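Novice: Quick one, protein-v9.txt (compact mmCIF, C-alpha atoms):
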# COMPACT_ATOMS: atom_id res chain seq x y z
CA MET J 250 -16.36 11.61 12.74
CA LYS J 251 -17.99 10.49 9.55
CA LEU J 252 -17.02 7.49 7.41
CA TYR J 253 -17.73 7.47 3.68
CA GLY J 254 -17.46 3.95 2.32
CA ASP J 255 -19.02 0.92 0.68
CA TRP J 256 -20.04 -2.22 2.57
CA ARG J 257 -18.23 -4.37 -0.03
CA SER J 258 -14.94 -2.46 -0.05
CA SER J 259 -12.21 -4.24 1.88
CA ALA J 260 -10.40 -0.97 2.56
CA THR J 261 -13.58 0.46 4.13
CA TRP J 262 -13.99 -2.75 6.12
CA ARG J 263 -10.47 -2.37 7.58
CA VAL J 264 -11.33 1.08 8.88
CA ARG J 265 -14.66 -0.15 10.29
CA ILE J 266 -12.80 -2.83 12.27
CA ALA J 267 -10.31 -0.30 13.67
CA LEU J 268 -13.07 2.13 14.66
CA ALA J 269 -15.07 -0.63 16.35
CA TRP J 270 -11.96 -2.01 18.11
CA LYS J 271 -11.24 1.45 19.51
CA ASN J 272 -14.91 1.95 20.50
CA LEU J 273 -15.30 4.99 18.29
CA ASP J 274 -18.76 5.81 17.00
CA VAL J 275 -18.99 7.35 13.56
CA ASP J 276 -21.76 8.31 11.19
CA VAL J 277 -21.58 6.20 8.05
CA THR J 278 -22.47 7.60 4.64
CA PRO J 279 -22.68 4.85 2.02
CA VAL J 280 -20.84 5.40 -1.28
CA ASP J 281 -21.98 2.84 -3.85
CA ILE J 282 -18.80 2.02 -5.79
CA LEU J 283 -20.55 -0.27 -8.27
CA ALA J 284 -22.83 2.65 -9.16
CA GLY J 285 -19.78 4.91 -9.53
CA GLN J 286 -20.65 7.31 -6.69
CA GLN J 287 -16.94 7.58 -5.83
CA ARG J 288 -16.49 9.52 -9.07
CA SER J 289 -19.12 12.16 -8.22
CA GLY J 290 -17.93 15.72 -7.79
CA ALA J 291 -18.98 15.73 -4.14
CA PHE J 292 -16.87 12.66 -3.37
CA LEU J 293 -13.85 13.79 -5.42
CA GLU J 294 -13.66 16.89 -3.22
CA LYS J 295 -13.13 14.53 -0.31
CA ASN J 296 -10.72 12.20 -2.13
CA PRO J 297 -9.55 13.08 -5.65
CA MET J 298 -8.31 9.48 -6.02
CA ALA J 299 -11.96 8.31 -6.11
CA HIS J 300 -11.27 5.52 -3.65
CA VAL J 301 -13.22 4.66 -0.52
CA PRO J 302 -12.98 4.96 2.43
CA VAL J 303 -12.73 8.57 3.52
CA LEU J 304 -12.81 9.50 7.19
CA GLU J 305 -14.01 13.01 7.93
CA ILE J 306 -12.46 14.30 11.16
CA ASP J 307 -12.17 17.55 13.13
CA GLY J 308 -12.88 20.68 11.17
CA GLY J 309 -13.91 18.96 7.97
CA VAL J 310 -10.49 17.37 7.28
CA HIS J 311 -10.77 14.33 5.02
CA LEU J 312 -8.38 11.40 5.34
CA ALA J 313 -8.14 8.60 2.80
CA GLU J 314 -6.03 5.45 2.25
CA SER J 315 -7.08 2.90 4.83
CA LEU J 316 -3.62 2.33 6.34
CA ALA J 317 -3.04 6.07 6.74
CA ILE J 318 -6.37 6.23 8.58
CA LEU J 319 -5.35 3.27 10.76
CA GLU J 320 -2.04 4.97 11.65
CA TRP J 321 -3.90 8.20 12.48
CA LEU J 322 -6.35 6.32 14.70
CA GLU J 323 -3.44 4.56 16.42
CA GLU J 324 -1.68 7.85 17.12
CA THR J 325 -4.74 9.76 18.29
CA HIS J 326 -6.69 6.93 19.98
CA PRO J 327 -3.89 4.58 21.10
CA SER J 328 -5.96 2.44 23.46
CA PRO J 329 -6.82 -0.33 22.84
CA PRO J 330 -3.89 -0.64 20.43
CA LEU J 331 -3.79 -2.24 17.00
CA LEU J 332 0.01 -2.44 16.89
CA PRO J 333 2.38 -4.32 19.22
CA SER J 334 4.78 -2.22 21.33
CA ASP J 335 8.03 -3.85 20.13
CA PRO J 336 9.43 -2.01 17.07
CA ILE J 337 10.27 -5.19 15.15
CA LEU J 338 6.82 -6.69 15.79
CA ARG J 339 5.21 -3.39 14.79
CA ALA J 340 7.20 -3.60 11.54
CA LYS J 341 6.07 -7.19 11.00
CA ALA J 342 2.40 -6.27 11.55
CA ARG J 343 2.73 -3.38 9.09
CA GLN J 344 4.59 -5.59 6.59
CA GLN J 345 1.75 -8.12 6.63
CA ALA J 346 -0.89 -5.39 6.34
CA LEU J 347 0.96 -3.81 3.41
CA LEU J 348 1.46 -7.15 1.70
CA ILE J 349 -2.33 -7.12 1.39
CA ALA J 350 -2.93 -3.38 0.95
CA SER J 351 -0.17 -2.86 -1.65
CA GLY J 352 0.61 -6.38 -2.87
CA ILE J 353 -2.80 -8.03 -3.25
CA GLN J 354 -5.84 -5.80 -2.95
CA PRO J 355 -4.88 -3.20 -5.62
CA LEU J 356 -4.94 -5.99 -8.21
CA GLN J 357 -8.50 -7.03 -7.33
CA ASN J 358 -9.73 -3.44 -7.09
CA THR J 359 -13.10 -2.96 -8.79
CA LYS J 360 -11.76 -0.54 -11.41
CA VAL J 361 -8.96 -2.96 -12.31
CA GLN J 362 -11.41 -5.85 -12.70
CA ILE J 363 -13.64 -3.75 -14.94
CA HIS J 364 -10.65 -2.73 -17.08
CA VAL J 365 -9.48 -6.34 -17.43
CA ARG J 366 -12.97 -7.47 -18.41
CA ASP J 367 -14.21 -4.61 -20.59
CA VAL J 368 -11.02 -3.23 -22.17
CA LEU J 369 -8.69 -6.23 -22.34
CA HIS J 370 -11.62 -8.67 -22.83
CA ALA J 371 -10.08 -11.12 -20.38
CA ASP J 372 -11.50 -13.15 -17.49
CA GLU J 373 -11.36 -10.83 -14.50
CA ARG J 374 -12.00 -13.65 -12.04
CA ALA J 375 -8.99 -15.60 -13.36
CA TRP J 376 -6.96 -12.38 -13.13
CA VAL J 377 -7.92 -11.92 -9.47
CA ARG J 378 -7.10 -15.53 -8.60
CA HIS J 379 -3.74 -15.30 -10.40
CA PHE J 380 -2.56 -12.53 -8.08
CA VAL J 381 -4.50 -13.18 -4.86
CA GLU J 382 -3.65 -16.86 -4.37
CA PRO J 383 0.18 -16.60 -4.40
CA GLY J 384 -0.07 -13.41 -2.36
CA LEU J 385 -1.99 -15.19 0.38
CA VAL J 386 0.39 -18.18 0.28
CA ALA J 387 3.31 -15.76 0.81
CA LEU J 388 1.44 -14.10 3.67
CA GLU J 389 0.80 -17.50 5.24
CA ALA J 390 4.59 -18.08 5.33
CA LEU J 391 5.18 -14.73 7.02
CA VAL J 392 2.38 -15.22 9.53
CA ARG J 393 3.69 -18.63 10.58
CA GLU J 394 6.80 -16.89 11.93
CA THR J 395 4.91 -14.32 14.02
CA ARG J 396 1.55 -15.74 14.94
CA GLY J 397 -0.03 -16.50 18.24
CA LYS J 398 -3.82 -16.43 18.35
CA PHE J 399 -3.60 -13.58 15.85
CA ALA J 400 -1.18 -12.77 13.01
CA VAL J 401 1.44 -11.15 15.23
CA GLY J 402 1.21 -12.55 18.74
CA ASP J 403 -1.94 -12.81 20.82
CA ALA J 404 -3.63 -9.49 20.12
CA PRO J 405 -5.20 -8.21 16.90
CA SER J 406 -3.12 -5.78 14.82
CA PHE J 407 -3.21 -4.00 11.48
CA ALA J 408 -2.36 -7.41 9.97
CA ASP J 409 -5.58 -9.06 11.17
CA VAL J 410 -7.57 -5.97 10.20
CA CYS J 411 -6.42 -6.56 6.61
CA ILE J 412 -6.56 -10.37 6.63
CA VAL J 413 -10.26 -10.65 7.49
CA PRO J 414 -11.69 -8.68 4.53
CA GLN J 415 -9.07 -10.15 2.18
CA LEU J 416 -10.05 -13.75 2.97
CA HIS J 417 -13.73 -12.89 2.56
CA HIS J 418 -13.10 -11.53 -0.93
CA ALA J 419 -10.72 -14.37 -1.82
CA ARG J 420 -13.59 -16.83 -1.31
CA ARG J 421 -15.86 -14.76 -3.55
CA PHE J 422 -13.33 -15.40 -6.33
CA ASP J 423 -12.95 -19.11 -5.50
CA VAL J 424 -9.35 -18.64 -4.37
CA ASP J 425 -8.12 -21.92 -2.91
CA LEU J 426 -7.23 -21.31 0.76
CA ALA J 427 -6.07 -24.89 1.44
CA ARG J 428 -2.45 -23.72 1.70
CA CYS J 429 -3.34 -20.94 4.15
CA PRO J 430 -4.46 -22.73 7.33
CA SER J 431 -2.91 -20.12 9.65
CA LEU J 432 -4.78 -17.30 7.92
CA VAL J 433 -8.05 -19.22 8.16
CA ALA J 434 -7.45 -19.95 11.87
CA ILE J 435 -6.71 -16.28 12.55
CA GLU J 436 -9.87 -15.28 10.71
CA ALA J 437 -11.84 -17.59 13.01
CA GLU J 438 -10.27 -15.99 16.12
CA CYS J 439 -11.20 -12.56 14.78
CA ALA J 440 -14.75 -13.66 14.02
CA ALA J 441 -15.27 -14.30 17.73
CA LEU J 442 -14.55 -10.67 18.64
CA PRO J 443 -17.49 -8.22 18.82
CA ALA J 444 -15.56 -5.44 17.05
CA PHE J 445 -14.88 -7.67 14.06
CA GLN J 446 -18.50 -8.86 14.10
CA ARG J 447 -19.90 -5.33 14.04
CA ALA J 448 -17.57 -4.38 11.16
CA HIS J 449 -18.52 -7.32 8.92
CA ALA J 450 -19.61 -6.35 5.41
CA ASP J 451 -22.89 -8.22 5.62
CA ARG J 452 -23.93 -6.30 8.73
CA GLN J 453 -23.69 -2.83 7.19
CA PRO J 454 -26.82 -0.75 6.48
CA ASP J 455 -26.00 -0.55 2.75
CA ALA J 456 -25.56 -4.34 2.41
CA PRO J 457 -28.42 -6.22 0.75
CA ARG J 458 -30.89 -7.60 3.30
CA SER J 459 -31.01 -11.38 3.36
CA THR J 460 -34.65 -12.46 3.53
CA MET U 666 22.11 -3.40 8.08
CA LYS U 667 21.89 -4.91 4.65
CA LEU U 668 19.56 -3.86 1.82
CA TYR U 669 18.50 -6.35 -0.84
CA GLY U 670 17.06 -4.55 -3.84
CA ASP U 671 17.14 -3.60 -7.47
CA TRP U 672 18.34 -0.23 -8.77
CA ARG U 673 15.21 0.03 -10.97
CA SER U 674 12.65 -0.82 -8.29
CA SER U 675 10.81 2.23 -7.01
CA ALA U 676 10.09 0.52 -3.67
CA THR U 677 13.84 -0.10 -3.20
CA TRP U 678 14.52 3.51 -4.19
CA ARG U 679 12.15 4.78 -1.46
CA VAL U 680 14.10 2.88 1.19
CA ARG U 681 17.43 4.13 -0.21
CA ILE U 682 16.21 7.73 0.13
CA ALA U 683 15.10 7.16 3.74
CA LEU U 684 18.39 5.49 4.68
CA ALA U 685 20.40 8.29 3.08
CA TRP U 686 18.23 10.99 4.69
CA LYS U 687 18.84 9.43 8.09
CA ASN U 688 22.58 9.05 7.40
CA LEU U 689 22.46 5.29 7.78
CA ASP U 690 25.06 3.22 5.96
CA VAL U 691 23.99 -0.16 4.69
CA ASP U 692 25.55 -2.89 2.59
CA VAL U 693 23.62 -3.28 -0.65
CA THR U 694 23.12 -6.68 -2.27
CA PRO U 695 21.64 -6.34 -5.77
CA VAL U 696 18.66 -8.54 -6.65
CA ASP U 697 18.06 -8.47 -10.41
CA ILE U 698 14.27 -8.54 -10.73
CA LEU U 699 14.28 -8.72 -14.54
CA ALA U 700 16.41 -11.87 -14.23
CA GLY U 701 13.95 -13.27 -11.65
CA GLN U 702 16.41 -13.39 -8.73
CA GLN U 703 13.59 -12.38 -6.37
CA ARG U 704 12.09 -15.83 -6.95
CA SER U 705 15.24 -17.72 -5.91
CA GLY U 706 15.02 -19.91 -2.81
CA ALA U 707 17.56 -17.75 -0.99
CA PHE U 708 15.50 -14.61 -1.54
CA LEU U 709 12.15 -16.22 -0.75
CA GLU U 710 13.51 -17.10 2.69
CA LYS U 711 13.94 -13.37 3.24
CA ASN U 712 10.60 -12.38 1.69
CA PRO U 713 8.15 -15.09 0.58
CA MET U 714 6.27 -12.41 -1.40
CA ALA U 715 9.22 -12.23 -3.85
CA HIS U 716 9.22 -8.44 -3.78
CA VAL U 717 12.18 -6.15 -3.25
CA PRO U 718 13.35 -4.45 -1.12
CA VAL U 719 14.25 -6.40 1.99
CA LEU U 720 16.13 -4.76 4.85
CA GLU U 721 18.12 -7.13 7.03
CA ILE U 722 18.42 -5.74 10.55
CA ASP U 723 19.62 -6.89 14.00
CA GLY U 724 19.93 -10.60 14.47
CA GLY U 725 19.09 -11.54 10.89
CA VAL U 726 15.53 -10.19 10.98
CA HIS U 727 14.21 -9.42 7.50
CA LEU U 728 11.75 -6.59 6.90
CA ALA U 729 9.90 -6.08 3.61
CA GLU U 730 7.27 -3.70 2.20
CA SER U 731 8.88 -0.31 1.72
CA LEU U 732 6.42 1.68 3.83
CA ALA U 733 6.75 -0.76 6.74
CA ILE U 734 10.53 -0.29 6.50
CA LEU U 735 10.08 3.49 6.43
CA GLU U 736 7.88 3.37 9.55
CA TRP U 737 10.46 1.16 11.33
CA LEU U 738 13.25 3.57 10.40
CA GLU U 739 11.16 6.49 11.65
CA GLU U 740 10.50 4.78 14.97
CA THR U 741 14.06 3.57 15.56
CA HIS U 742 16.00 6.45 13.95
CA PRO U 743 13.65 9.40 14.38
CA SER U 744 16.15 12.16 13.57
CA PRO U 745 16.14 13.68 11.02
CA PRO U 746 12.44 12.88 10.63
CA LEU U 747 10.52 11.90 7.52
CA LEU U 748 7.11 12.65 8.99
CA PRO U 749 5.74 15.96 10.32
CA SER U 750 4.94 16.15 14.05
CA ASP U 751 1.28 17.18 13.71
CA PRO U 752 -1.00 14.10 13.61
CA ILE U 753 -3.15 15.38 10.73
CA LEU U 754 -0.12 16.31 8.64
CA ARG U 755 1.44 12.92 9.40
CA ALA U 756 -1.78 11.35 8.12
CA LYS U 757 -1.67 13.48 4.98
CA ALA U 758 1.95 12.49 4.27
CA ARG U 759 1.06 8.83 4.73
CA GLN U 760 -2.06 9.20 2.59
CA GLN U 761 -0.01 10.62 -0.27
CA ALA U 762 2.67 7.93 0.11
CA LEU U 763 0.01 5.21 0.12
CA LEU U 764 -1.79 6.70 -2.85
CA ILE U 765 1.40 5.81 -4.73
CA ALA U 766 2.39 2.63 -2.88
CA SER U 767 -1.10 1.06 -2.94
CA GLY U 768 -2.94 3.04 -5.61
CA ILE U 769 -0.41 3.43 -8.42
CA GLN U 770 2.78 1.41 -8.17
CA PRO U 771 1.21 -2.06 -7.74
CA LEU U 772 -0.39 -1.65 -11.16
CA GLN U 773 2.94 -0.94 -12.87
CA ASN U 774 4.76 -3.68 -10.97
CA THR U 775 7.04 -5.72 -13.24
CA LYS U 776 5.13 -8.97 -12.72
CA VAL U 777 1.84 -7.25 -13.59
CA GLN U 778 3.29 -5.77 -16.77
CA ILE U 779 4.63 -9.17 -17.83
CA HIS U 780 1.24 -10.77 -17.17
CA VAL U 781 -0.60 -8.10 -19.18
CA ARG U 782 1.83 -8.50 -22.08
CA ASP U 783 2.44 -12.26 -22.15
CA VAL U 784 -0.81 -13.73 -20.83
CA LEU U 785 -3.45 -11.19 -21.82
CA HIS U 786 -1.53 -10.19 -25.01
CA ALA U 787 -2.21 -6.53 -24.36
CA ASP U 788 -0.06 -3.41 -24.49
CA GLU U 789 1.57 -3.20 -21.07
CA ARG U 790 2.73 0.37 -21.61
CA ALA U 791 -0.82 1.52 -22.34
CA TRP U 792 -1.94 -0.39 -19.23
CA VAL U 793 0.61 1.44 -17.08
CA ARG U 794 -0.35 4.85 -18.48
CA HIS U 795 -4.06 4.12 -17.96
CA PHE U 796 -3.56 3.75 -14.21
CA VAL U 797 -0.55 5.95 -13.48
CA GLU U 798 -1.73 9.16 -15.14
CA PRO U 799 -5.05 9.63 -13.28
CA GLY U 800 -3.34 8.50 -10.08
CA LEU U 801 -0.76 11.26 -10.36
CA VAL U 802 -3.42 13.84 -11.28
CA ALA U 803 -5.31 12.87 -8.09
CA LEU U 804 -2.10 13.15 -6.08
CA GLU U 805 -1.44 16.59 -7.56
CA ALA U 806 -4.82 17.75 -6.19
CA LEU U 807 -4.00 16.43 -2.71
CA VAL U 808 -0.51 17.90 -2.71
CA ARG U 809 -1.80 21.36 -3.65
CA GLU U 810 -3.61 21.45 -0.30
CA THR U 811 -0.56 20.56 1.79
CA ARG U 812 2.55 21.62 -0.05
CA GLY U 813 5.29 24.02 0.84
CA LYS U 814 8.67 23.36 -0.73
CA PHE U 815 7.85 19.68 -0.39
CA ALA U 816 4.62 17.68 -0.57
CA VAL U 817 3.58 18.34 3.03
CA GLY U 818 5.11 21.60 4.23
CA ASP U 819 8.75 22.57 3.95
CA ALA U 820 10.51 19.34 4.89
CA PRO U 821 10.66 16.04 2.99
CA SER U 822 8.34 13.27 4.17
CA PHE U 823 7.24 9.79 3.17
CA ALA U 824 5.22 11.52 0.43
CA ASP U 825 8.30 12.95 -1.32
CA VAL U 826 10.15 9.67 -0.84
CA CYS U 827 7.43 8.00 -2.93
CA ILE U 828 6.89 10.85 -5.42
CA VAL U 829 10.47 10.95 -6.73
CA PRO U 830 10.75 7.34 -7.94
CA GLN U 831 7.15 7.39 -9.19
CA LEU U 832 7.72 10.41 -11.44
CA HIS U 833 10.92 8.85 -12.79
CA HIS U 834 9.04 5.71 -13.82
CA ALA U 835 6.06 7.70 -15.13
CA ARG U 836 8.38 9.35 -17.67
CA ARG U 837 9.73 5.96 -18.75
CA PHE U 838 6.17 5.12 -19.78
CA ASP U 839 5.55 8.49 -21.44
CA VAL U 840 2.97 9.49 -18.86
CA ASP U 841 1.96 13.10 -19.46
CA LEU U 842 2.94 15.15 -16.39
CA ALA U 843 1.58 18.46 -17.73
CA ARG U 844 -1.28 18.39 -15.22
CA CYS U 845 1.11 17.72 -12.30
CA PRO U 846 3.18 20.92 -11.95
CA SER U 847 3.32 20.71 -8.15
CA LEU U 848 4.69 17.17 -8.26
CA VAL U 849 7.33 18.19 -10.80
CA ALA U 850 8.33 21.21 -8.69
CA ILE U 851 8.62 19.04 -5.58
CA GLU U 852 10.75 16.55 -7.51
CA ALA U 853 13.11 19.41 -8.42
CA GLU U 854 13.40 20.47 -4.76
CA CYS U 855 14.21 16.88 -3.80
CA ALA U 856 16.81 16.59 -6.58
CA ALA U 857 18.80 19.36 -4.91
CA LEU U 858 19.21 17.35 -1.69
CA PRO U 859 22.31 15.12 -1.31
CA ALA U 860 20.31 12.24 0.22
CA PHE U 861 17.98 12.13 -2.78
CA GLN U 862 20.97 12.40 -5.12
CA ARG U 863 22.80 9.47 -3.53
CA ALA U 864 19.65 7.34 -3.68
CA HIS U 865 18.94 7.94 -7.39
CA ALA U 866 18.51 4.77 -9.44
CA ASP U 867 21.15 5.72 -11.98
CA ARG U 868 23.79 6.09 -9.27
CA GLN U 869 23.49 2.55 -7.90
CA PRO U 870 26.27 -0.01 -8.39
CA ASP U 871 23.95 -2.41 -10.25
CA ALA U 872 22.75 0.29 -12.69
CA PRO U 873 24.17 0.14 -16.22
CA ARG U 874 27.23 2.39 -16.61
CA SER U 875 26.70 5.24 -19.02
CA THR U 876 29.80 5.56 -21.19
If you convert what's in this file into structure tokens, what do you get?
Specialist:
Amino acid sequence: MKLYGDWRSSATWRVRIALAWKNLDVDVTPVDILAGQQRSGAFLEKNPMAHVPVLEIDGGVHLAESLAILEWLEETHPSPPLLPSDPILRAKARQQALLIASGIQPLQNTKVQIHVRDVLHADERAWVRHFVEPGLVALEALVRETRGKFAVGDAPSFADVCIVPQLHHARRFDVDLARCPSLVAIEAECAALPAFQRAHADRQPDAPRST
Amino acid sequence: MKLYGDWRSSATWRVRIALAWKNLDVDVTPVDILAGQQRSGAFLEKNPMAHVPVLEIDGGVHLAESLAILEWLEETHPSPPLLPSDPILRAKARQQALLIASGIQPLQNTKVQIHVRDVLHADERAWVRHFVEPGLVALEALVRETRGKFAVGDAPSFADVCIVPQLHHARRFDVDLARCPSLVAIEAECAALPAFQRAHADRQPDAPRST
């Protein structure tokens, strides 16, 4: 398998966590989204939506949309799982993941920020905070009903896979996380796990080297 | 089961289609999102994110995020299905659904439109077109690789469930669909199915009566 993605992209990061959790080795091809490489002809053949990540699987099939990739990994490589076995808890884990993937992250997407800044001549960082902060406060309320060590019970799920990159980016935009203590505690639990460590943005080959 | 939603909301519409397809009867409680009822205390207890729809299931459990609800319905009421059986085709159906649910719809969300108009003093209809049109053109390219009568093969899936409300709203914003003939043809196939007919926005009890 081959993963096309950007070290900064939270959607790519989610897939990296799932691959590492399931002990799957993949070749990584960096796609620099700030340089616009996701709009190259070669990439658009893999995903016409011009979004990272793309996972290339058997026979040159290309899958995109991080949660669709996570579901595919869960169905084809079920162990160790990233969803609980109880149907209601599975729904709760997916609800929390989608709250981020559909309710928060699309509004801080790089192309949206650039449009807000360059076309609407508005403060893109204020825009991001306006949508991310209440989204995370809502997620905190949901997580309080389901959490153990992780967002839904005592094992990592799709929810945690989405929470970790989202909190990282929230801090970059100075989002106040004071009202999200459960999310911050879950992030700390995740940070102790080798799979989450290996998937961290700063540890990717295309990340800038700290000197 | 009880569905809290708004006739206009495309996320609510998706869940209505899935319920109708699976022959599940639910009580519907309208939540008027233009009047802000999704921010009432009573609704926030059901979904702190203040988004419709919410499906109330056994024992007063509340599920939100339309695709999480669709996955729960698929797991607990698998027949008739809304996903193919082949893992790669399941992934493709989910990818197309998520392209809409994470890549397009969040940017035309009512609260985003209001923010663009009232806070950034920009044209919210131009904003919607700017993001919806290229999103649908990208989806058209994906669908051409997988379509039969419907988006993925010859049976409706999560992809079609998302395409139908999205095209309806695209027209409201004068999005040009000339480059999306496959999507328009799929919409017409769906419109012939009773489940899609019953779920149509204009046929809901909270929709304005045409006289």
Novice: So the first atom is atom CA of J:Ile266 and the second is atom CA of J:Asp451; what is the distance between them in Å, to one decimal place?
Specialist: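 Interatomic distance here is 13.2 Å.
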Novice: Kindly determine which residues of chain U lie within 6 Å of chain J, considering only C-alpha atoms, and give the answer as a ChimeraX atom specification.
Specialist: /U:713-714,730,733,737,756,759-760,767,803
Novice: What is the distance, in Å and to one decimal place, between atom CA of U:Pro830 and atom CA of U:Ile698?
Specialist: 16.5 Å
Novice: Could you state the separation of atom CA of J:Gly308 and atom CA of J:Pro329 in Å, given to one decimal place?
Specialist: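 For atom CA of J:Gly308 relative to atom CA of J:Pro329, the distance reads 24.8 Å.
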Novice: With all atoms listed in the file as the basis for distance, which of J:Val277, J:Val303, J:Leu331, J:Ala269 is at the shortest distance from J:Pro405?
Specialist: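 Once distances to J:Pro405 are computed over all atoms listed in the file, the minimum belongs to J:Leu331.
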Novice: Name the residues in contact with U:Ala816 at a cut-off of 9 Å, using only C-alpha atoms, excluding same-chain residues fewer than 4 positions from it; report them as a list in words.
Specialist: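 Surrounding residues, per the criterion: Ala758, Gln761, Leu807, Val808, Arg809, Thr811, Arg812, Ala820, Pro821, Ser822, Ala824, Asp825, Ile828, Ser847, Leu848 and Ile851 of chain U.
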Novice: Would you kindly identify which residues have an atom no farther than 9 Å from (18.6, 2.5, 4.9), using only C-alpha atoms and the file's own coordinates, and write them out as number ranges by chain?
Specialist: U: 666-668, 680-691, 720, 734-735, 738
Novice: So that I can check the surroundings of U:Asp871, please list as a PDB file with C-alpha atoms, in the coordinates of the input every protein, DNA and RNA residue that reaches within 8 Å of it, counting only C-alpha atoms and ignoring chain neighbours fewer than 3 positions away.
Specialist:
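Generated output (selection23.pdb):
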ATOM      1  CA  ASP U 671      17.140  -3.600  -7.470  1.00  0.00           C
ATOM      2  CA  TRP U 672      18.340  -0.230  -8.770  1.00  0.00           C
ATOM      3  CA  PRO U 695      21.640  -6.340  -5.770  1.00  0.00           C
TER       4      PRO U 695
END
Novice: Since fewer atoms than expected are present, regenerate N, CA, C and O atoms for stretch 405-417 of chain J and write them as a PDB file, in the coordinates of the input.
Specialist:
ATOM      1  N   PRO J 405      -4.981  -8.627  18.285  1.00  0.00           N
ATOM      2  CA  PRO J 405      -5.200  -8.210  16.900  1.00  0.00           C
ATOM      3  C   PRO J 405      -4.356  -6.978  16.561  1.00  0.00           C
ATOM      4  O   PRO J 405      -4.100  -6.131  17.420  1.00  0.00           O
ATOM      5  N   SER J 406      -3.929  -6.907  15.305  1.00  0.00           N
ATOM      6  CA  SER J 406      -3.120  -5.780  14.820  1.00  0.00           C
ATOM      7  C   SER J 406      -3.598  -5.397  13.425  1.00  0.00           C
ATOM      8  O   SER J 406      -4.530  -5.998  12.882  1.00  0.00           O
ATOM      9  N   PHE J 407      -2.920  -4.401  12.861  1.00  0.00           N
ATOM     10  CA  PHE J 407      -3.210  -4.000  11.480  1.00  0.00           C
ATOM     11  C   PHE J 407      -3.254  -5.234  10.550  1.00  0.00           C
ATOM     12  O   PHE J 407      -4.001  -5.245   9.568  1.00  0.00           O
ATOM     13  N   ALA J 408      -2.411  -6.227  10.837  1.00  0.00           N
ATOM     14  CA  ALA J 408      -2.360  -7.410   9.970  1.00  0.00           C
ATOM     15  C   ALA J 408      -3.714  -8.109   9.929  1.00  0.00           C
ATOM     16  O   ALA J 408      -4.263  -8.383   8.850  1.00  0.00           O
ATOM     17  N   ASP J 409      -4.287  -8.369  11.107  1.00  0.00           N
ATOM     18  CA  ASP J 409      -5.580  -9.060  11.170  1.00  0.00           C
ATOM     19  C   ASP J 409      -6.694  -8.219  10.544  1.00  0.00           C
ATOM     20  O   ASP J 409      -7.611  -8.742   9.901  1.00  0.00           O
ATOM     21  N   VAL J 410      -6.590  -6.906  10.760  1.00  0.00           N
ATOM     22  CA  VAL J 410      -7.570  -5.970  10.200  1.00  0.00           C
ATOM     23  C   VAL J 410      -7.615  -6.090   8.674  1.00  0.00           C
ATOM     24  O   VAL J 410      -8.671  -5.916   8.060  1.00  0.00           O
ATOM     25  N   CYS J 411      -6.468  -6.384   8.073  1.00  0.00           N
ATOM     26  CA  CYS J 411      -6.420  -6.560   6.610  1.00  0.00           C
ATOM     27  C   CYS J 411      -6.743  -7.985   6.181  1.00  0.00           C
ATOM     28  O   CYS J 411      -7.306  -8.202   5.106  1.00  0.00           O
ATOM     29  N   ILE J 412      -6.362  -8.958   7.009  1.00  0.00           N
ATOM     30  CA  ILE J 412      -6.560 -10.370   6.630  1.00  0.00           C
ATOM     31  C   ILE J 412      -8.046 -10.706   6.505  1.00  0.00           C
ATOM     32  O   ILE J 412      -8.467 -11.388   5.559  1.00  0.00           O
ATOM     33  N   VAL J 413      -8.856 -10.236   7.457  1.00  0.00           N
ATOM     34  CA  VAL J 413     -10.260 -10.650   7.490  1.00  0.00           C
ATOM     35  C   VAL J 413     -11.016 -10.264   6.212  1.00  0.00           C
ATOM     36  O   VAL J 413     -11.624 -11.129   5.564  1.00  0.00           O
ATOM     37  N   PRO J 414     -10.984  -8.985   5.800  1.00  0.00           N
ATOM     38  CA  PRO J 414     -11.690  -8.680   4.530  1.00  0.00           C
ATOM     39  C   PRO J 414     -11.054  -9.360   3.321  1.00  0.00           C
ATOM     40  O   PRO J 414     -11.762  -9.755   2.394  1.00  0.00           O
ATOM     41  N   GLN J 415      -9.727  -9.537   3.341  1.00  0.00           N
ATOM     42  CA  GLN J 415      -9.070 -10.150   2.180  1.00  0.00           C
ATOM     43  C   GLN J 415      -9.506 -11.607   2.005  1.00  0.00           C
ATOM     44  O   GLN J 415      -9.746 -12.049   0.883  1.00  0.00           O
ATOM     45  N   LEU J 416      -9.623 -12.348   3.092  1.00  0.00           N
ATOM     46  CA  LEU J 416     -10.050 -13.750   2.970  1.00  0.00           C
ATOM     47  C   LEU J 416     -11.501 -13.821   2.487  1.00  0.00           C
ATOM     48  O   LEU J 416     -11.856 -14.680   1.675  1.00  0.00           O
ATOM     49  N   HIS J 417     -12.333 -12.923   2.998  1.00  0.00           N
ATOM     50  CA  HIS J 417     -13.730 -12.890   2.560  1.00  0.00           C
ATOM     51  C   HIS J 417     -13.813 -12.727   1.042  1.00  0.00           C
ATOM     52  O   HIS J 417     -14.529 -13.461   0.353  1.00  0.00           O
TER      53      HIS J 417
END
